[in-house]
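Data block below; observations after.
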Amino acid sequence: MKTRRTQNLMTVALVCMAVSIATKAQAADPLASWNDGPAKKSITEFVAKVTKEGSPDFVPPEERIATFDNDGTLWAEQPMYFQFLFAIDRVKALAPQHPEWKEKEPFASLLKGDMKTALAGGEHAFLEIVAGTHSGMTTEEFDRIVREWLATAKHPKTARLYTEMVYQPMLELLAYLRANGFKTFIVSGGGVEFMRAFADKVYGIPPEQVVGSTGKLKFELRDGGAELLKLPEIQFIDDKEGKPVGIQMNIGRRPIAAFGNSDGDLQMLQWTAAGSGARFCLYIHHDDATREWAYDRQSSIGRLDKGLDEAKVKGWTVVSMKDDWKRIFPFEK
């Protein structure tokens, strides 16, 4: 009897020990949602060599700048950029104040639910929609409107809040880099005021470390206070060739690491790679149609064509969502 009881106790102890070891091992792995493989290894090896004092590749902390695209890199971007979905909801909300929109494109088509016709005007139509829905208010009022929208609006496919559609592996990567002395920045084609409304809470990236497209602002004194009014004019597009320009204007240092997912990020990665010393460039490849979406060369949203070719030639890291990530979103079990 004692022998059997002793054996049972030993079995329980061994199981508990195994669970404890597994738990500690998982806790010790800062990139727990990444499968072991070349992509994960390339990240950890780069971080190790630029943070090891005495290494020929050592980079002082003040120069450890890492830039991240947002749409498709830190959170999802299908079936449409989330900021544009926000703009569509704003068109509907503001329509009573703009009766002329019933006859004016692209607003008329949006109000009829005809997305195809509304977007037929391409970039011009998109910018007109943004200008019409992101102006005529103070920066503080706009921040409040975005926060309220993010607190309730749901993704059309998953029915999750948009702030839940972030990539768990990338959240881990941001934390891992910061733990190793990196300063992390968002450099995105999205509107800077839109992203600043959630970047700190969702990514741990403060407003001053968000670089994005900007509209013109106007200083005004109102009711004894000072305000910044958002105007319906675009000041700077932080996309493609604009990304290195935006980095220089806002950060003032060339990144040593850059992360993107589309051809819109190519110039940021090229500029990063062209610097001296150790450099790291990574593309997220959306190839998981089951857990997310599969798209690249032919997509109208987040097209990855030239970048995919250049990554192969330059030896940049290309992350396969399907093969390299254990899970994609935080809400996955």
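Residues in the structure tokens are numbered from 1 in each chain, the chains being A, B, ... in the order shown, and ligands are numbered from 1 in the order shown.
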
Enumerate, in order of chain and increasing residue number, the residues of range 258-329 of chain A with an atom no farther than 12 Å from range 77-84 of chain A, each with its shortest atom pair and distance in Å to one decimal, counting only C-alpha atoms, as CSV.
```
residue,atom,partner,partner_atom,distance
A:Asn261,CA,A:Glu77,CA,10.4
A:Ser262,CA,A:Glu77,CA,11.1
A:His286,CA,A:Glu77,CA,10.5
A:Ala289,CA,A:Gln78,CA,11.6
A:Glu292,CA,A:Gln78,CA,8.8
A:Trp293,CA,A:Gln78,CA,7.5
A:Ala294,CA,A:Gln78,CA,10.0
A:Tyr295,CA,A:Gln78,CA,9.7
A:Ser299,CA,A:Gln78,CA,10.3
A:Ser300,CA,A:Met80,CA,9.4
A:Ile301,CA,A:Met80,CA,6.8
A:Gly302,CA,A:Glu77,CA,7.5
A:Arg303,CA,A:Glu77,CA,11.1
```

Which neighbours of Trp101 in chain A fall inside 9 Å, counting only C-alpha atoms, when residues of the same chain fewer than 5 positions from it are skipped, and could you give them as a PDB file with C-alpha atoms, in the first residue's frame?
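That gives us around_16.pdb:
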```pdb
ATOM      1  CA  VAL A  91     -19.416  59.945 -43.328  1.00  0.00           C
ATOM      2  CA  ALA A  95     -24.213  63.165 -43.377  1.00  0.00           C
ATOM      3  CA  PRO A 106     -17.389  59.811 -53.426  1.00  0.00           C
ATOM      4  CA  PHE A 107     -19.701  60.553 -50.487  1.00  0.00           C
ATOM      5  CA  ALA A 108     -22.923  59.783 -52.394  1.00  0.00           C
ATOM      6  CA  LEU A 111     -23.983  56.647 -48.275  1.00  0.00           C
TER       7      LEU A 111
END
```

Running DSSP on the backbone, which parts of range 9-221 of chain A land in strand (DSSP E), as a list of chain:residue names?
A:Ile65, A:Ala66, A:Thr67, A:Phe68, A:Lys183, A:Thr184, A:Phe185, A:Ile186, A:Val187, A:Ser188, A:Gly189, A:Gly190, A:Gly191, A:Val210, A:Val211, A:Gly212, A:Ser213, A:Thr214, A:Gly215, A:Lys216, A:Leu217, A:Lys218, A:Phe219, A:Glu220, A:Leu221

Suppose we keep N, CA and C atoms; can you now write the selection as a PDB file, in the first residue's frame?
```
ATOM      1  N   ILE A  65      17.367  52.229 -32.916  1.00  0.00           N
ATOM      2  CA  ILE A  65      16.069  52.705 -33.390  1.00  0.00           C
ATOM      3  C   ILE A  65      15.438  51.619 -34.255  1.00  0.00           C
ATOM      4  N   ALA A  66      14.212  51.244 -33.927  1.00  0.00           N
ATOM      5  CA  ALA A  66      13.462  50.252 -34.703  1.00  0.00           C
ATOM      6  C   ALA A  66      12.152  50.880 -35.147  1.00  0.00           C
ATOM      7  N   THR A  67      11.869  50.805 -36.443  1.00  0.00           N
ATOM      8  CA  THR A  67      10.647  51.408 -36.985  1.00  0.00           C
ATOM      9  C   THR A  67       9.703  50.328 -37.507  1.00  0.00           C
ATOM     10  N   PHE A  68       8.425  50.498 -37.226  1.00  0.00           N
ATOM     11  CA  PHE A  68       7.402  49.530 -37.599  1.00  0.00           C
ATOM     12  C   PHE A  68       6.289  50.201 -38.391  1.00  0.00           C
ATOM     13  N   LYS A 183      14.491  51.668 -28.987  1.00  0.00           N
ATOM     14  CA  LYS A 183      13.379  52.609 -28.957  1.00  0.00           C
ATOM     15  C   LYS A 183      12.523  52.287 -30.172  1.00  0.00           C
ATOM     16  N   THR A 184      11.249  51.989 -29.949  1.00  0.00           N
ATOM     17  CA  THR A 184      10.371  51.534 -31.028  1.00  0.00           C
ATOM     18  C   THR A 184       9.463  52.661 -31.506  1.00  0.00           C
ATOM     19  N   PHE A 185       9.376  52.791 -32.828  1.00  0.00           N
ATOM     20  CA  PHE A 185       8.569  53.832 -33.459  1.00  0.00           C
ATOM     21  C   PHE A 185       7.597  53.204 -34.455  1.00  0.00           C
ATOM     22  N   ILE A 186       6.423  53.804 -34.574  1.00  0.00           N
ATOM     23  CA  ILE A 186       5.523  53.476 -35.679  1.00  0.00           C
ATOM     24  C   ILE A 186       5.810  54.466 -36.793  1.00  0.00           C
ATOM     25  N   VAL A 187       5.990  53.966 -38.010  1.00  0.00           N
ATOM     26  CA  VAL A 187       6.162  54.813 -39.187  1.00  0.00           C
ATOM     27  C   VAL A 187       5.193  54.277 -40.231  1.00  0.00           C
ATOM     28  N   SER A 188       4.061  54.946 -40.380  1.00  0.00           N
ATOM     29  CA  SER A 188       2.957  54.393 -41.156  1.00  0.00           C
ATOM     30  C   SER A 188       2.327  55.429 -42.070  1.00  0.00           C
ATOM     31  N   GLY A 189       1.698  54.941 -43.126  1.00  0.00           N
ATOM     32  CA  GLY A 189       0.948  55.820 -44.015  1.00  0.00           C
ATOM     33  C   GLY A 189      -0.353  56.292 -43.393  1.00  0.00           C
ATOM     34  N   GLY A 190      -0.750  55.674 -42.298  1.00  0.00           N
ATOM     35  CA  GLY A 190      -1.976  56.078 -41.607  1.00  0.00           C
ATOM     36  C   GLY A 190      -1.849  57.467 -40.998  1.00  0.00           C
ATOM     37  N   GLY A 191      -2.987  58.053 -40.673  1.00  0.00           N
ATOM     38  CA  GLY A 191      -2.993  59.392 -40.082  1.00  0.00           C
ATOM     39  C   GLY A 191      -2.363  59.391 -38.702  1.00  0.00           C
ATOM     40  N   VAL A 210       5.237  58.173 -32.774  1.00  0.00           N
ATOM     41  CA  VAL A 210       4.373  57.778 -33.884  1.00  0.00           C
ATOM     42  C   VAL A 210       4.577  58.764 -35.027  1.00  0.00           C
ATOM     43  N   VAL A 211       4.992  58.246 -36.184  1.00  0.00           N
ATOM     44  CA  VAL A 211       5.199  59.055 -37.383  1.00  0.00           C
ATOM     45  C   VAL A 211       4.172  58.599 -38.417  1.00  0.00           C
ATOM     46  N   GLY A 212       3.410  59.535 -38.952  1.00  0.00           N
ATOM     47  CA  GLY A 212       2.375  59.164 -39.911  1.00  0.00           C
ATOM     48  C   GLY A 212       2.040  60.307 -40.845  1.00  0.00           C
ATOM     49  N   SER A 213       1.054  60.078 -41.687  1.00  0.00           N
ATOM     50  CA  SER A 213       0.586  61.122 -42.591  1.00  0.00           C
ATOM     51  C   SER A 213      -0.101  62.213 -41.772  1.00  0.00           C
ATOM     52  N   THR A 214       0.058  63.449 -42.225  1.00  0.00           N
ATOM     53  CA  THR A 214      -0.473  64.562 -41.442  1.00  0.00           C
ATOM     54  C   THR A 214      -1.320  65.496 -42.294  1.00  0.00           C
ATOM     55  N   GLY A 215      -2.323  66.079 -41.657  1.00  0.00           N
ATOM     56  CA  GLY A 215      -3.107  67.139 -42.271  1.00  0.00           C
ATOM     57  C   GLY A 215      -2.645  68.463 -41.696  1.00  0.00           C
ATOM     58  N   LYS A 216      -3.019  69.539 -42.340  1.00  0.00           N
ATOM     59  CA  LYS A 216      -2.620  70.854 -41.857  1.00  0.00           C
ATOM     60  C   LYS A 216      -3.400  71.226 -40.604  1.00  0.00           C
ATOM     61  N   LEU A 217      -2.743  71.941 -39.721  1.00  0.00           N
ATOM     62  CA  LEU A 217      -3.341  72.393 -38.475  1.00  0.00           C
ATOM     63  C   LEU A 217      -3.293  73.918 -38.404  1.00  0.00           C
ATOM     64  N   LYS A 218      -4.216  74.479 -37.645  1.00  0.00           N
ATOM     65  CA  LYS A 218      -4.265  75.923 -37.466  1.00  0.00           C
ATOM     66  C   LYS A 218      -4.429  76.240 -35.982  1.00  0.00           C
ATOM     67  N   PHE A 219      -3.582  77.135 -35.486  1.00  0.00           N
ATOM     68  CA  PHE A 219      -3.666  77.571 -34.091  1.00  0.00           C
ATOM     69  C   PHE A 219      -4.760  78.615 -33.941  1.00  0.00           C
ATOM     70  N   GLU A 220      -5.598  78.434 -32.910  1.00  0.00           N
ATOM     71  CA  GLU A 220      -6.675  79.402 -32.660  1.00  0.00           C
ATOM     72  C   GLU A 220      -6.843  79.626 -31.161  1.00  0.00           C
ATOM     73  N   LEU A 221      -7.226  80.837 -30.811  1.00  0.00           N
ATOM     74  CA  LEU A 221      -7.613  81.144 -29.437  1.00  0.00           C
ATOM     75  C   LEU A 221      -9.129  81.081 -29.372  1.00  0.00           C
TER      76      LEU A 221
END
```

Which residues, written as a VMD selection string, have at least one atom at most 8 Å from Ser33 in chain A, with only C-alpha atoms counted and residues fewer than 4 positions away on the same chain left out?
chain A and resid 168 to 169 172 325 to 328

List every residue of range 12-246 of chain A that DSSP, applied to the backbone, labels as alpha helix (DSSP H), and write the result as a count of residues only.
107

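The spacing separating CA of Ala274 in chain A from CA of Met321 in chain A amounts to 26.6 Å.
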
Find the residue from A:Phe182, A:Phe46, A:Trp316, A:Phe198 that sits nearest to Phe259 in chain A; use only C-alpha atoms when measuring.
A:Trp316

Can you work out the spacing between CA of Asp263 in chain A and CA of Gly307 in chain A in Å, to one decimal?
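CA of Asp263 in chain A sits 5.2 Å away from CA of Gly307 in chain A.
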
For Glu164 in chain A, please output as a PyMOL selection string all residues within 12 Å (counting only C-alpha atoms; exclusion window: fewer than 5 positions along the same chain).
chain A and resi 74-76+150-155+158-159+171+198+201-203+328-332

6 Å contact set for range 135-147 of chain A, only C-alpha atoms, chain neighbours under 6 positions out, as a CSV table (one decimal) with N, CA and C atoms, in the first residue's frame:
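Writing the result to selection_9.csv gives the following:
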```
chain,number,residue,atom,x,y,z
A,197,ALA,N,-4.1,57.9,-31.0
A,197,ALA,CA,-5.2,57.7,-30.1
A,197,ALA,C,-5.2,56.4,-29.4
A,228,LEU,N,-5.7,73.7,-31.4
A,228,LEU,CA,-5.2,73.4,-32.8
A,228,LEU,C,-6.4,72.8,-33.6
A,229,LEU,N,-6.7,73.5,-34.7
A,229,LEU,CA,-7.9,73.1,-35.5
A,229,LEU,C,-7.4,72.3,-36.7
A,230,LYS,N,-8.0,71.2,-36.9
A,230,LYS,CA,-7.7,70.3,-38.1
A,230,LYS,C,-8.3,70.9,-39.3
A,231,LEU,N,-7.5,71.1,-40.4
A,231,LEU,CA,-8.0,71.7,-41.6
A,231,LEU,C,-8.1,70.6,-42.7
A,232,PRO,N,-9.0,70.8,-43.7
A,232,PRO,CA,-9.2,69.8,-44.7
A,232,PRO,C,-8.2,69.8,-45.8
```
